[in-house]
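What follows is the content of protein.txt (compact mmCIF, C-alpha atoms (C1' of nucleotides)).
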```
# COMPACT_ATOMS: atom_id res chain seq x y z
CA MET P 7 -28.69 -21.73 -8.35
CA SER P 8 -26.58 -21.88 -5.23
CA ALA P 9 -26.80 -19.08 -2.71
CA ASP P 10 -23.65 -17.38 -3.93
CA GLU P 11 -25.20 -16.92 -7.31
CA THR P 12 -26.59 -13.76 -5.76
CA GLY P 13 -24.91 -10.45 -6.35
CA LEU P 14 -21.19 -10.06 -6.24
CA ARG P 15 -21.49 -7.62 -3.41
CA ALA P 16 -22.88 -10.18 -1.00
CA ARG P 17 -20.43 -12.79 -2.23
CA LEU P 18 -17.49 -10.52 -1.52
CA VAL P 19 -18.65 -9.88 2.00
CA ALA P 20 -19.26 -13.59 2.57
CA VAL P 21 -15.81 -14.48 1.29
CA GLY P 22 -14.33 -11.76 3.45
CA VAL P 23 -16.09 -12.98 6.56
CA ASP P 24 -14.93 -16.48 5.88
CA LEU P 25 -11.41 -15.27 5.32
CA VAL P 26 -11.18 -13.17 8.45
CA LEU P 27 -12.57 -15.99 10.54
CA ARG P 28 -10.15 -18.47 9.06
CA GLU P 29 -6.96 -16.47 8.73
CA GLY P 30 -7.33 -13.30 10.69
CA GLN P 31 -7.61 -9.67 9.90
CA SER P 32 -4.28 -9.32 8.12
CA ALA P 33 -5.30 -11.82 5.46
CA VAL P 34 -8.24 -9.77 4.32
CA SER P 35 -6.90 -7.90 1.33
CA LEU P 36 -9.03 -6.68 -1.51
CA ARG P 37 -7.12 -8.75 -4.01
CA GLU P 38 -7.29 -11.92 -1.98
CA ILE P 39 -11.03 -11.61 -1.57
CA ALA P 40 -11.41 -10.94 -5.27
CA ARG P 41 -9.29 -13.99 -6.03
CA ARG P 42 -11.36 -16.26 -3.78
CA ALA P 43 -14.54 -14.85 -5.19
CA GLY P 44 -13.25 -15.67 -8.66
CA VAL P 45 -13.29 -12.16 -10.01
CA SER P 46 -10.63 -9.73 -11.11
CA HIS P 47 -8.84 -7.57 -8.57
CA GLY P 48 -10.68 -4.50 -9.72
CA ALA P 49 -14.16 -5.92 -9.42
CA PRO P 50 -14.78 -5.16 -5.74
CA ARG P 51 -14.25 -1.51 -6.45
CA ARG P 52 -17.68 -1.21 -7.98
CA TYR P 53 -19.32 -2.05 -4.66
CA PHE P 54 -16.61 -1.03 -2.22
CA PRO P 55 -14.70 2.01 -3.43
CA THR P 56 -11.98 1.52 -0.85
CA HIS P 57 -10.57 -1.25 1.24
CA VAL P 58 -12.05 0.37 4.33
CA ASP P 59 -15.53 0.08 2.89
CA LEU P 60 -15.20 -3.64 2.40
CA LEU P 61 -13.65 -4.20 5.80
CA SER P 62 -16.44 -2.20 7.38
CA ALA P 63 -19.03 -4.34 5.67
CA ILE P 64 -17.29 -7.44 6.96
CA ALA P 65 -17.05 -6.05 10.48
CA ARG P 66 -20.72 -5.15 10.39
CA GLU P 67 -21.45 -8.77 9.66
CA GLY P 68 -19.43 -9.60 12.76
CA PHE P 69 -21.43 -7.19 14.90
CA ALA P 70 -24.62 -8.68 13.54
CA ASP P 71 -23.40 -12.13 14.45
CA LEU P 72 -22.44 -11.05 17.95
CA THR P 73 -25.75 -9.29 18.44
CA ALA P 74 -27.61 -12.35 17.25
CA GLN P 75 -25.75 -14.55 19.69
CA VAL P 76 -26.45 -12.18 22.54
CA GLU P 77 -30.10 -12.05 21.64
CA GLN P 78 -30.20 -15.80 21.50
CA THR P 79 -28.67 -15.93 24.97
CA MET P 80 -31.13 -13.38 26.25
CA ARG P 81 -33.94 -15.55 25.01
CA GLU P 82 -32.64 -18.60 26.81
CA VAL P 83 -31.86 -17.12 30.21
CA GLY P 84 -34.16 -16.20 33.09
CA PRO P 85 -35.47 -12.76 33.96
CA ASP P 86 -33.05 -11.88 36.78
CA PRO P 87 -30.94 -8.97 35.49
CA ARG P 88 -27.85 -10.18 37.28
CA THR P 89 -28.14 -13.60 35.69
CA ARG P 90 -28.79 -12.05 32.33
CA LEU P 91 -25.74 -9.82 32.61
CA THR P 92 -23.58 -12.78 33.50
CA ALA P 93 -24.85 -14.74 30.54
CA LEU P 94 -24.34 -11.76 28.26
CA ALA P 95 -20.79 -11.33 29.46
CA ARG P 96 -20.06 -14.99 28.88
CA THR P 97 -21.44 -14.78 25.39
CA TYR P 98 -19.31 -11.73 24.69
CA LEU P 99 -16.15 -13.41 25.87
CA ASP P 100 -16.97 -16.61 24.06
CA PHE P 101 -17.50 -14.70 20.88
CA ALA P 102 -14.15 -12.97 21.21
CA ALA P 103 -12.43 -16.27 21.80
CA ALA P 104 -14.22 -18.20 19.09
CA HIS P 105 -13.93 -15.51 16.40
CA ARG P 106 -10.69 -13.91 17.36
CA GLY P 107 -9.85 -12.53 13.92
CA MET P 108 -13.29 -11.05 13.53
CA PHE P 109 -13.28 -9.63 17.04
CA GLU P 110 -9.96 -8.02 16.33
CA LEU P 111 -11.23 -6.47 13.13
CA MET P 112 -14.41 -5.23 14.76
CA PHE P 113 -12.46 -2.99 17.08
CA ARG P 114 -9.72 -1.90 14.73
CA HIS P 115 -11.14 1.55 14.31
CA ASP P 116 -8.21 2.58 12.18
CA LEU P 117 -9.28 0.04 9.58
CA LEU P 118 -12.96 0.73 9.79
CA ASP P 119 -15.15 3.46 8.59
CA SER P 120 -16.53 4.16 12.00
CA GLY P 121 -17.72 7.55 10.88
CA ARG P 122 -20.29 7.79 8.19
CA LEU P 123 -21.11 4.11 7.98
CA ARG P 124 -23.68 2.53 10.23
CA LEU P 125 -21.04 0.67 12.13
CA ARG P 126 -21.44 2.34 15.46
CA GLU P 127 -25.17 2.17 15.20
CA THR P 128 -24.66 -1.55 14.94
CA SER P 129 -22.77 -1.85 18.19
CA LEU P 130 -24.75 0.67 20.17
CA PRO P 131 -27.88 -1.44 20.65
CA LEU P 132 -25.68 -4.00 22.30
CA PHE P 133 -24.47 -1.45 24.76
CA ALA P 134 -28.05 -0.40 25.30
CA VAL P 135 -28.91 -3.92 26.41
CA VAL P 136 -26.09 -3.83 28.92
CA ALA P 137 -27.10 -0.39 30.14
CA ASP P 138 -30.66 -1.55 30.60
CA LEU P 139 -29.69 -4.61 32.60
CA VAL P 140 -27.25 -2.61 34.67
CA GLU P 141 -29.98 -0.15 35.42
CA GLN P 142 -32.05 -2.96 36.88
CA ALA P 143 -29.21 -4.62 38.76
CA ARG P 144 -27.82 -1.38 40.08
CA ARG P 145 -27.65 -0.79 43.81
CA PRO P 146 -28.66 2.62 45.17
CA THR P 147 -25.14 3.49 46.24
CA ASP P 148 -23.65 2.69 42.86
CA ALA P 149 -22.53 5.20 40.30
CA PRO P 150 -25.12 6.41 37.79
CA ALA P 151 -26.31 3.65 35.51
CA ALA P 152 -24.63 5.03 32.39
CA VAL P 153 -21.29 5.28 34.13
CA LEU P 154 -21.62 1.92 35.79
CA ALA P 155 -22.55 0.30 32.50
CA GLY P 156 -19.64 1.97 30.77
CA ALA P 157 -17.21 0.78 33.40
CA LEU P 158 -18.54 -2.74 33.27
CA TRP P 159 -18.47 -2.76 29.51
CA ALA P 160 -14.90 -1.54 29.53
CA ASN P 161 -13.97 -4.24 31.98
CA LEU P 162 -15.58 -6.88 29.84
CA HIS P 163 -13.89 -5.59 26.77
CA GLY P 164 -10.54 -5.38 28.49
CA ILE P 165 -10.78 -8.97 29.63
CA ALA P 166 -11.68 -10.10 26.14
CA GLN P 167 -8.86 -8.10 24.64
CA LEU P 168 -6.14 -9.08 27.06
CA TRP P 169 -7.31 -12.63 27.13
CA ALA P 170 -7.40 -12.88 23.37
CA TRP P 171 -3.71 -12.19 23.01
CA GLY P 172 -2.64 -14.14 26.02
CA SER P 173 -1.43 -11.35 28.26
CA LEU P 174 -3.55 -12.28 31.20
CA PRO P 175 -2.73 -15.90 31.92
CA LEU P 176 0.91 -14.95 31.90
CA ALA P 177 0.45 -12.22 34.45
CA THR P 178 -2.19 -13.70 36.69
CA GLY P 179 -1.42 -17.37 36.33
CA ALA P 180 -5.10 -17.94 35.67
CA THR P 181 -5.92 -20.82 33.41
CA ASP P 182 -9.28 -19.52 32.28
CA ASP P 183 -11.04 -16.22 32.07
CA ASP P 184 -13.93 -17.32 34.23
CA ALA P 185 -12.40 -16.15 37.48
CA LEU P 186 -11.72 -12.77 35.96
CA LEU P 187 -15.20 -12.50 34.61
CA ARG P 188 -16.76 -13.39 37.95
CA ALA P 189 -14.48 -10.94 39.73
CA ALA P 190 -15.46 -8.18 37.36
CA LEU P 191 -19.17 -8.83 37.72
CA GLU P 192 -18.97 -8.98 41.48
CA ALA P 193 -16.91 -5.84 41.56
CA HIS P 194 -19.36 -3.81 39.54
CA LEU P 195 -22.61 -5.34 40.70
CA GLY P 196 -21.79 -6.41 44.23
CA PRO P 197 -21.36 -9.90 45.66
CA THR P 198 -23.44 -12.66 44.18
CA PRO P 199 -26.72 -13.05 46.04
CA THR P 200 -26.42 -16.35 47.95
CA MET N 21 28.35 15.98 17.74
CA SER N 22 24.61 15.95 18.30
CA ALA N 23 23.05 13.01 20.04
CA ASP N 24 21.93 11.40 16.81
CA GLU N 25 25.50 11.08 15.71
CA THR N 26 25.40 7.85 17.70
CA GLY N 27 24.83 4.57 15.94
CA LEU N 28 22.27 4.24 13.25
CA ARG N 29 20.41 1.68 15.28
CA ALA N 30 19.51 4.16 18.00
CA ARG N 31 18.73 6.83 15.46
CA LEU N 32 16.29 4.58 13.66
CA VAL N 33 14.45 3.82 16.86
CA ALA N 34 14.38 7.48 17.81
CA VAL N 35 13.00 8.48 14.43
CA GLY N 36 10.45 5.67 14.68
CA VAL N 37 9.31 6.80 18.11
CA ASP N 38 8.97 10.33 16.90
CA LEU N 39 7.06 9.18 13.87
CA VAL N 40 4.60 6.99 15.72
CA LEU N 41 3.94 9.74 18.25
CA ARG N 42 3.37 12.27 15.52
CA GLU N 43 1.53 10.35 12.88
CA GLY N 44 0.37 7.10 14.37
CA GLN N 45 1.16 3.49 13.93
CA SER N 46 0.26 3.23 10.26
CA ALA N 47 2.88 5.82 9.32
CA VAL N 48 5.74 3.77 10.68
CA SER N 49 7.08 2.01 7.61
CA LEU N 50 10.64 0.85 7.26
CA ARG N 51 11.20 3.02 4.24
CA GLU N 52 9.76 6.14 5.82
CA ILE N 53 11.96 5.77 8.86
CA ALA N 54 14.98 5.22 6.66
CA ARG N 55 14.06 8.30 4.67
CA ARG N 56 13.76 10.47 7.76
CA ALA N 57 16.97 9.08 9.15
CA GLY N 58 18.66 10.03 5.89
CA VAL N 59 19.74 6.55 4.91
CA SER N 60 18.80 4.21 2.11
CA HIS N 61 15.76 2.01 2.41
CA GLY N 62 17.91 -1.07 2.88
CA ALA N 63 19.97 0.28 5.73
CA PRO N 64 17.65 -0.60 8.63
CA ARG N 65 17.89 -4.21 7.63
CA ARG N 66 21.35 -4.51 9.13
CA TYR N 67 19.94 -3.80 12.60
CA PHE N 68 16.34 -4.86 12.21
CA PRO N 69 16.00 -7.85 9.88
CA THR N 70 12.26 -7.37 9.61
CA HIS N 71 9.71 -4.67 10.07
CA VAL N 72 8.45 -6.40 13.18
CA ASP N 73 11.85 -6.12 14.80
CA LEU N 74 11.94 -2.39 14.35
CA LEU N 75 8.37 -1.91 15.50
CA SER N 76 9.08 -4.00 18.57
CA ALA N 77 12.06 -1.85 19.44
CA ILE N 78 9.89 1.24 19.10
CA ALA N 79 7.15 -0.26 21.24
CA ARG N 80 9.69 -1.21 23.86
CA GLU N 81 10.65 2.42 24.03
CA GLY N 82 7.00 3.18 24.63
CA PHE N 83 6.78 0.71 27.48
CA ALA N 84 9.92 2.18 28.98
CA ASP N 85 8.38 5.63 28.78
CA LEU N 86 5.15 4.47 30.39
CA THR N 87 7.04 2.65 33.12
CA ALA N 88 9.12 5.72 33.80
CA GLN N 89 6.04 7.88 34.09
CA VAL N 90 4.42 5.44 36.47
CA GLU N 91 7.56 5.30 38.58
CA GLN N 92 7.67 9.05 38.63
CA THR N 93 4.08 9.11 39.83
CA MET N 94 4.81 6.50 42.46
CA ARG N 95 7.58 8.68 43.76
CA GLU N 96 5.34 11.70 44.06
CA VAL N 97 2.33 10.14 45.72
CA GLY N 98 1.77 9.15 49.34
CA PRO N 99 2.02 5.68 50.82
CA ASP N 100 -1.66 4.75 50.92
CA PRO N 101 -2.10 1.90 48.43
CA ARG N 102 -5.51 3.09 47.38
CA THR N 103 -4.19 6.55 46.59
CA ARG N 104 -1.23 5.06 44.77
CA LEU N 105 -3.46 2.85 42.66
CA THR N 106 -5.62 5.80 41.72
CA ALA N 107 -2.59 7.81 40.70
CA LEU N 108 -1.21 4.91 38.74
CA ALA N 109 -4.48 4.48 36.92
CA ARG N 110 -4.60 8.16 36.06
CA THR N 111 -1.08 8.02 34.74
CA TYR N 112 -1.95 5.01 32.61
CA LEU N 113 -4.98 6.69 31.11
CA ASP N 114 -3.13 9.94 30.58
CA PHE N 115 -0.39 8.10 28.78
CA ALA N 116 -2.86 6.38 26.50
CA ALA N 117 -4.50 9.69 25.69
CA ALA N 118 -1.31 11.67 25.24
CA HIS N 119 0.52 9.07 23.15
CA ARG N 120 -2.32 7.47 21.36
CA GLY N 121 -0.32 6.20 18.41
CA MET N 122 2.29 4.68 20.64
CA PHE N 123 -0.30 3.16 22.95
CA GLU N 124 -1.98 1.62 19.96
CA LEU N 125 1.25 0.16 18.71
CA MET N 126 2.19 -1.18 22.13
CA PHE N 127 -0.80 -3.46 22.17
CA ARG N 128 -0.89 -4.44 18.54
CA HIS N 129 0.42 -7.89 19.21
CA ASP N 130 0.05 -8.83 15.59
CA LEU N 131 2.65 -6.22 14.69
CA LEU N 132 4.99 -6.96 17.53
CA ASP N 133 7.37 -9.69 18.25
CA SER N 134 5.76 -10.50 21.55
CA GLY N 135 7.44 -13.85 21.61
CA ARG N 136 11.19 -14.03 21.68
CA LEU N 137 11.82 -10.36 22.29
CA ARG N 138 11.88 -8.86 25.75
CA LEU N 139 8.67 -7.05 25.14
CA ARG N 140 6.50 -8.82 27.61
CA GLU N 141 9.20 -8.68 30.21
CA THR N 142 8.99 -4.95 29.77
CA SER N 143 5.31 -4.74 30.57
CA LEU N 144 5.20 -7.33 33.30
CA PRO N 145 6.93 -5.26 36.00
CA LEU N 146 4.19 -2.73 35.56
CA PHE N 147 1.60 -5.33 36.25
CA ALA N 148 3.60 -6.43 39.23
CA VAL N 149 3.32 -2.96 40.71
CA VAL N 150 -0.44 -3.07 40.28
CA ALA N 151 -0.62 -6.54 41.78
CA ASP N 152 1.41 -5.43 44.75
CA LEU N 153 -0.76 -2.41 45.44
CA VAL N 154 -3.91 -4.42 45.00
CA GLU N 155 -2.60 -6.93 47.46
CA GLN N 156 -2.33 -4.16 50.03
CA ALA N 157 -5.63 -2.51 49.23
CA ARG N 158 -7.51 -5.77 49.00
CA ARG N 159 -10.39 -6.44 51.38
CA PRO N 160 -10.72 -9.88 52.96
CA THR N 161 -13.86 -10.72 51.06
CA ASP N 162 -12.38 -9.84 47.71
CA ALA N 163 -11.17 -12.28 45.10
CA PRO N 164 -7.57 -13.47 45.32
CA ALA N 165 -5.10 -10.68 44.72
CA ALA N 166 -3.90 -11.98 41.36
CA VAL N 167 -7.43 -12.24 40.04
CA LEU N 168 -8.47 -8.90 41.47
CA ALA N 169 -5.43 -7.24 40.00
CA GLY N 170 -6.08 -8.85 36.64
CA ALA N 171 -9.67 -7.70 36.63
CA LEU N 172 -8.72 -4.18 37.61
CA TRP N 173 -5.97 -4.08 35.02
CA ALA N 174 -8.37 -5.28 32.37
CA ASN N 175 -10.84 -2.62 33.40
CA LEU N 176 -8.21 0.06 33.21
CA HIS N 177 -7.06 -1.13 29.85
CA GLY N 178 -10.57 -1.37 28.54
CA ILE N 179 -11.30 2.20 29.56
CA ALA N 180 -8.12 3.40 27.90
CA GLN N 181 -8.90 1.46 24.77
CA LEU N 182 -12.53 2.40 24.40
CA TRP N 183 -11.84 5.94 25.40
CA ALA N 184 -8.99 6.31 22.95
CA TRP N 185 -11.21 5.68 19.96
CA GLY N 186 -14.20 7.54 21.26
CA SER N 187 -16.61 4.69 21.78
CA LEU N 188 -17.37 5.51 25.36
CA PRO N 189 -18.49 9.13 25.33
CA LEU N 190 -20.91 8.23 22.61
CA ALA N 191 -22.44 5.44 24.57
CA THR N 192 -22.35 6.86 28.06
CA GLY N 193 -22.63 10.52 27.34
CA ALA N 194 -19.67 11.11 29.62
CA THR N 195 -17.46 14.01 28.73
CA ASP N 196 -14.38 12.73 30.44
CA ASP N 197 -13.02 9.41 31.53
CA ASP N 198 -12.69 10.42 35.14
CA ALA N 199 -16.10 9.20 36.17
CA LEU N 200 -15.40 5.87 34.56
CA LEU N 201 -12.05 5.59 36.25
CA ARG N 202 -13.49 6.38 39.65
CA ALA N 203 -16.32 3.93 39.11
CA ALA N 204 -13.86 1.21 38.17
CA LEU N 205 -11.67 1.80 41.19
CA GLU N 206 -14.59 1.88 43.56
CA ALA N 207 -15.98 -1.24 42.02
CA HIS N 208 -12.83 -3.25 42.44
CA LEU N 209 -11.53 -1.77 45.67
CA GLY N 210 -14.68 -0.78 47.45
CA PRO N 211 -16.10 2.68 48.14
CA THR N 212 -13.64 5.47 48.73
CA PRO N 213 -12.90 5.83 52.42
CA THR N 214 -14.67 9.15 53.02
C1' DC O 27 50.63 -3.03 1.18
C1' DA O 28 47.11 -6.12 0.66
C1' DC O 29 43.15 -7.62 2.51
C1' DC O 30 38.86 -8.27 4.73
C1' DG O 31 34.81 -7.48 6.96
C1' DA O 32 31.41 -4.12 8.80
C1' DG O 33 28.02 -0.96 7.25
C1' DG O 34 25.43 1.40 3.88
C1' DT O 35 23.74 1.70 -1.27
C1' DA O 36 20.87 0.45 -4.99
C1' DG O 37 18.22 -2.38 -7.84
C1' DA O 38 14.93 -6.09 -8.19
C1' DC O 39 10.71 -8.64 -6.97
C1' DA O 40 6.09 -9.66 -5.49
C1' DG O 41 2.28 -7.95 -3.18
C1' DC O 42 -0.79 -4.29 -1.95
C1' DG O 43 -4.67 -0.38 -2.78
C1' DT O 44 -6.16 2.68 -6.11
C1' DC O 45 -7.12 4.71 -10.69
C1' DT O 46 -8.49 4.52 -15.54
C1' DA O 47 -9.51 2.93 -20.04
C1' DC O 48 -11.78 -0.51 -22.11
C1' DG O 49 -15.12 -4.45 -23.52
C1' DG O 50 -19.25 -7.06 -23.48
C1' DC O 51 -23.80 -7.80 -22.23
C1' DT O 52 -28.65 -6.39 -21.19
C1' DG O 53 -32.54 -4.10 -21.80
C1' DC O 54 -34.97 -0.21 -23.34
C1' DC O 55 -36.58 3.15 -26.85
C1' DT O 56 -37.75 4.48 -31.40
C1' DA V 15 -35.79 -4.84 -35.73
C1' DG V 16 -32.09 -1.77 -35.02
C1' DG V 17 -29.41 1.01 -32.36
C1' DC V 18 -28.02 2.88 -28.32
C1' DA V 19 -26.98 3.66 -23.37
C1' DG V 20 -25.62 2.02 -18.95
C1' DC V 21 -24.23 -1.53 -15.77
C1' DC V 22 -20.62 -4.71 -14.56
C1' DG V 23 -16.47 -6.85 -14.73
C1' DT V 24 -11.53 -6.98 -16.98
C1' DA V 25 -6.86 -5.62 -17.32
C1' DG V 26 -3.05 -2.78 -17.12
C1' DA V 27 -0.64 0.92 -14.85
C1' DC V 28 1.16 3.63 -10.85
C1' DG V 29 3.35 4.28 -6.54
C1' DC V 30 3.77 2.36 -2.31
C1' DT V 31 5.26 -1.42 0.84
C1' DG V 32 8.69 -5.29 2.94
C1' DT V 33 12.25 -8.34 1.68
C1' DC V 34 16.27 -10.20 -0.82
C1' DT V 35 20.75 -9.80 -3.02
C1' DA V 36 24.71 -7.98 -5.29
C1' DC V 37 27.75 -4.43 -4.87
C1' DC V 38 30.70 -0.67 -3.17
C1' DT V 39 33.42 1.81 0.08
C1' DC V 40 35.64 2.57 3.86
C1' DG V 41 38.86 1.82 8.27
C1' DG V 42 41.77 -1.25 10.75
C1' DT V 43 44.82 -5.37 10.89
C1' DG V 44 48.01 -9.01 9.24
```

Let me see the structure of the file written as structure tokens.
Amino acid sequence: MSADETGLRARLVAVGVDLVLREGQSAVSLREIARRAGVSHGAPRRYFPTHVDLLSAIAREGFADLTAQVEQTMREVGPDPRTRLTALARTYLDFAAAHRGMFELMFRHDLLDSGRLRLRETSLPLFAVVADLVEQARRPTDAPAAVLAGALWANLHGIAQLWAWGSLPLATGATDDDALLRAALEAHLGPTPT
Amino acid sequence: MSADETGLRARLVAVGVDLVLREGQSAVSLREIARRAGVSHGAPRRYFPTHVDLLSAIAREGFADLTAQVEQTMREVGPDPRTRLTALARTYLDFAAAHRGMFELMFRHDLLDSGRLRLRETSLPLFAVVADLVEQARRPTDAPAAVLAGALWANLHGIAQLWAWGSLPLATGATDDDALLRAALEAHLGPTPT
DNA sequence: CACCGAGGTAGACAGCGTCTACGGCTGCCT
DNA sequence: AGGCAGCCGTAGACGCTGTCTACCTCGGTG
């Protein structure tokens, strides 16, 4: 009757997502998920032949969540590309901070099946949004849009990463990532208009 | 007689470094290192009570190597801060590419004892060098030096990270990270003087 | 000479991912 | 209605891991 009466496959992923959000990537073992799902340790194997397969499914859920949040943000914010990029960046950083375990998992390519699975296809649209906005916000003297977008994306990701594990405040003395984010945006897109 | 006749402690670290360089972070188990060092699986425990302790010692070696390479570069390059920063960045990216497994380990804070050990103290001087150079290269209108340096560092790290696992070429179509690096430097430090 | 402690050995334990043989249930076909 | 096949989950085994503990074996000192 309840929602988790649906197939074991979905239940396993749901339990895994919950687990990674709550306790971090290292807690997400096949056996632990099986335990919390109330099935035997061998049960997941029918749907996820290897650990990697299950982790990938969980990470995909994370990408879907992130994408959804970005889309939500894009719906709420005005048409100016610069403003939209700022809002997108904020959303990205907020996601990393709020779902640290999931964020970590999402970019642990050694744990994920980034090859044959549709994982990269799940993160690419997100980059496409950035690239598109960058294209619009780009100044004539800037690097090509693809390069500029890549650099900005890398900057964003680096901030999220370093921030997540507390390296940055220690080095910069900053108490929040906002200054860094603004600096990055201004660096790549030029000074804020006004 | 040979160098590895010295204490087991040093030999274990050396074997670990070799192993992580050769086979990546996931291959570095206590037992495997012990095996390759020709001792029983319990032997490392005398010097490294836990796995984390050994991994931290290995990562510290990695930081020392990176620092040494950066210092070497700093010795070879001219006095212009902008040029020095560019060279430093190149060295950083080259290190990440050439020692991927080690680079990965160095920033796996979940595997490392980033707290009580001297690990962070090992990476901080490096940031200090960046901060110093940024201070010199900084334009008046730029963000405060600490923030600017943090943003640039994050950008550099993000490029290294994304590049290392092949996310960037796929998204940007770039065939090397040079364009990205140049874009990042120009973004944070202004257009190249001629 | 006896001793003692540093340093390495070896066995045990629980946990992990993976593999395989097995059981029960469902639904279809004759 | 009877029998059979296939899906789905169980349960035990294997080899691996990190950690703990009891032991043994030296070399140097009292």

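Interface residues on chain N toward chain O (cut-off 10 Å, only C-alpha atoms (C1' of nucleotides)): Leu28, Val59, Ser60, His61, Gly62, Ala63, Pro64 and Arg66 of chain N.
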
Next item on the list: Please measure the separation of CA of Ser76 (chain N) and CA of Arg114 (chain P), giving the value in Å to one decimal.
Entry: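 If I compute the distance from CA of Ser76 (chain N) to CA of Arg114 (chain P), I get 19.3 Å.
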
Interface residues on chain V facing chain N, 12 Å, all atoms listed in the file, written as a PDB file with C-alpha atoms (C1' of nucleotides), in the coordinates of the input:
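Result written to selection-v3.pdb:
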```
ATOM      1  C1'  DC V  30       3.770   2.360  -2.310  1.00  0.00           C
ATOM      2  C1'  DT V  31       5.260  -1.420   0.840  1.00  0.00           C
ATOM      3  C1'  DG V  32       8.690  -5.290   2.940  1.00  0.00           C
ATOM      4  C1'  DT V  33      12.250  -8.340   1.680  1.00  0.00           C
ATOM      5  C1'  DC V  34      16.270 -10.200  -0.820  1.00  0.00           C
ATOM      6  C1'  DT V  35      20.750  -9.800  -3.020  1.00  0.00           C
TER       7       DT V  35
END
```

Check: What does the distance from CA of Ala193 (chain P) to CA of Met94 (chain N) come to in Å, to one decimal?
Finding: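 Separation between CA of Ala193 (chain P) and CA of Met94 (chain N): 25.0 Å.
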
Within 9 Å of chain N, which residues of chain P show up? Give each one with its shortest atom-to-atom distance in Å (one decimal) and the two atoms involved, counting all atoms listed in the file, rows by chain then rising residue number, as a Markdown table.
```
| residue | atom | partner | partner_atom | distance |
| --- | --- | --- | --- | --- |
| P:Ser32 | CA | N:Asp130 | CA | 8.6 |
| P:His115 | CA | N:Trp185 | CA | 7.0 |
| P:Asp116 | CA | N:Ser46 | CA | 8.7 |
| P:Arg126 | CA | N:Ser187 | CA | 8.3 |
| P:Leu130 | CA | N:Ala191 | CA | 6.9 |
| P:Phe133 | CA | N:Ala191 | CA | 7.2 |
| P:Ala134 | CA | N:Ala191 | CA | 8.1 |
| P:Ala137 | CA | N:Thr192 | CA | 8.9 |
| P:Asp148 | CA | N:Ala203 | CA | 8.3 |
| P:Ala149 | CA | N:Ala203 | CA | 6.4 |
| P:Ala152 | CA | N:Thr192 | CA | 5.2 |
| P:Val153 | CA | N:Leu200 | CA | 5.9 |
| P:Leu154 | CA | N:Ala203 | CA | 6.6 |
| P:Ala155 | CA | N:Thr192 | CA | 7.9 |
| P:Gly156 | CA | N:Thr192 | CA | 6.2 |
| P:Ala157 | CA | N:Leu200 | CA | 5.5 |
| P:Leu158 | CA | N:Asn175 | CA | 7.7 |
| P:Trp159 | CA | N:Gly178 | CA | 8.1 |
| P:Ala160 | CA | N:Gly178 | CA | 4.4 |
| P:Asn161 | CA | N:Asn175 | CA | 3.8 |
| P:Leu162 | CA | N:Asn175 | CA | 7.3 |
| P:His163 | CA | N:Gly178 | CA | 5.7 |
| P:Gly164 | CA | N:Gly178 | CA | 4.0 |
| P:Ile165 | CA | N:Ala174 | CA | 5.2 |
| P:Ala166 | CA | N:Ala174 | CA | 8.5 |
| P:Gln167 | CA | N:Gly178 | CA | 8.0 |
| P:Leu168 | CA | N:Ala174 | CA | 6.9 |
| P:Trp171 | CA | N:His129 | CA | 7.1 |
| P:Ser173 | CA | N:Arg140 | CA | 8.3 |
| P:Leu174 | CA | N:Gly170 | CA | 6.9 |
| P:Leu176 | CA | N:Leu144 | CA | 8.9 |
| P:Ala177 | CA | N:Leu144 | CA | 6.9 |
| P:Thr178 | CA | N:Ala166 | CA | 5.3 |
| P:Gly179 | CA | N:Ala166 | CA | 7.8 |
| P:Ala180 | CA | N:Val167 | CA | 7.6 |
| P:Ala185 | CA | N:Val167 | CA | 6.8 |
| P:Leu186 | CA | N:Ala171 | CA | 5.5 |
| P:Leu187 | CA | N:Ala171 | CA | 7.6 |
| P:Ala189 | CA | N:Ala163 | CA | 6.4 |
| P:Ala190 | CA | N:Ala171 | CA | 5.9 |
| P:Glu192 | CA | N:Ala207 | CA | 8.3 |
| P:Ala193 | CA | N:Ala207 | CA | 4.7 |
| P:His194 | CA | N:Ala207 | CA | 4.9 |
| P:Leu195 | CA | N:Ala207 | CA | 7.9 |
| P:Gly196 | CA | N:Ala207 | CA | 8.1 |
```

Item checked: Point-to-point distance from CA of Gln142 (chain P) to CA of Glu127 (chain P), Å rounded to tenths ->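 Straight-line distance from CA of Gln142 (chain P) to CA of Glu127 (chain P) works out to 23.3 Å.
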
Would you compute the box with edges along x, y and z of the file around region 32-44 of chain O, including every atom the file lists for it and 6 Å extra on each side, and give its centre and edge lengths in Å to one decimal, as lines of an AutoDock Vina configuration file?
```
center_x = 12.6
center_y = -3.5
center_z = 0.3
size_x = 49.6
size_y = 24.3
size_z = 29.0
```

Determine, counting only C-alpha atoms (C1' of nucleotides), which protein, DNA and RNA residues have an atom within 8 Å of an atom of Pro87 (chain P); residues of the same chain fewer than 3 positions away are not included. Present the result as a compact mmCIF listing (two decimals) with C-alpha atoms, in the frame of the given file.
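Once written, result_17.txt looks like this:
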```txt
# COMPACT_ATOMS: atom_id res chain seq x y z
CA ARG P 90 -28.79 -12.05 32.33
CA LEU P 91 -25.74 -9.82 32.61
CA LEU P 139 -29.69 -4.61 32.60
CA VAL P 140 -27.25 -2.61 34.67
CA GLN P 142 -32.05 -2.96 36.88
CA ALA P 143 -29.21 -4.62 38.76
```
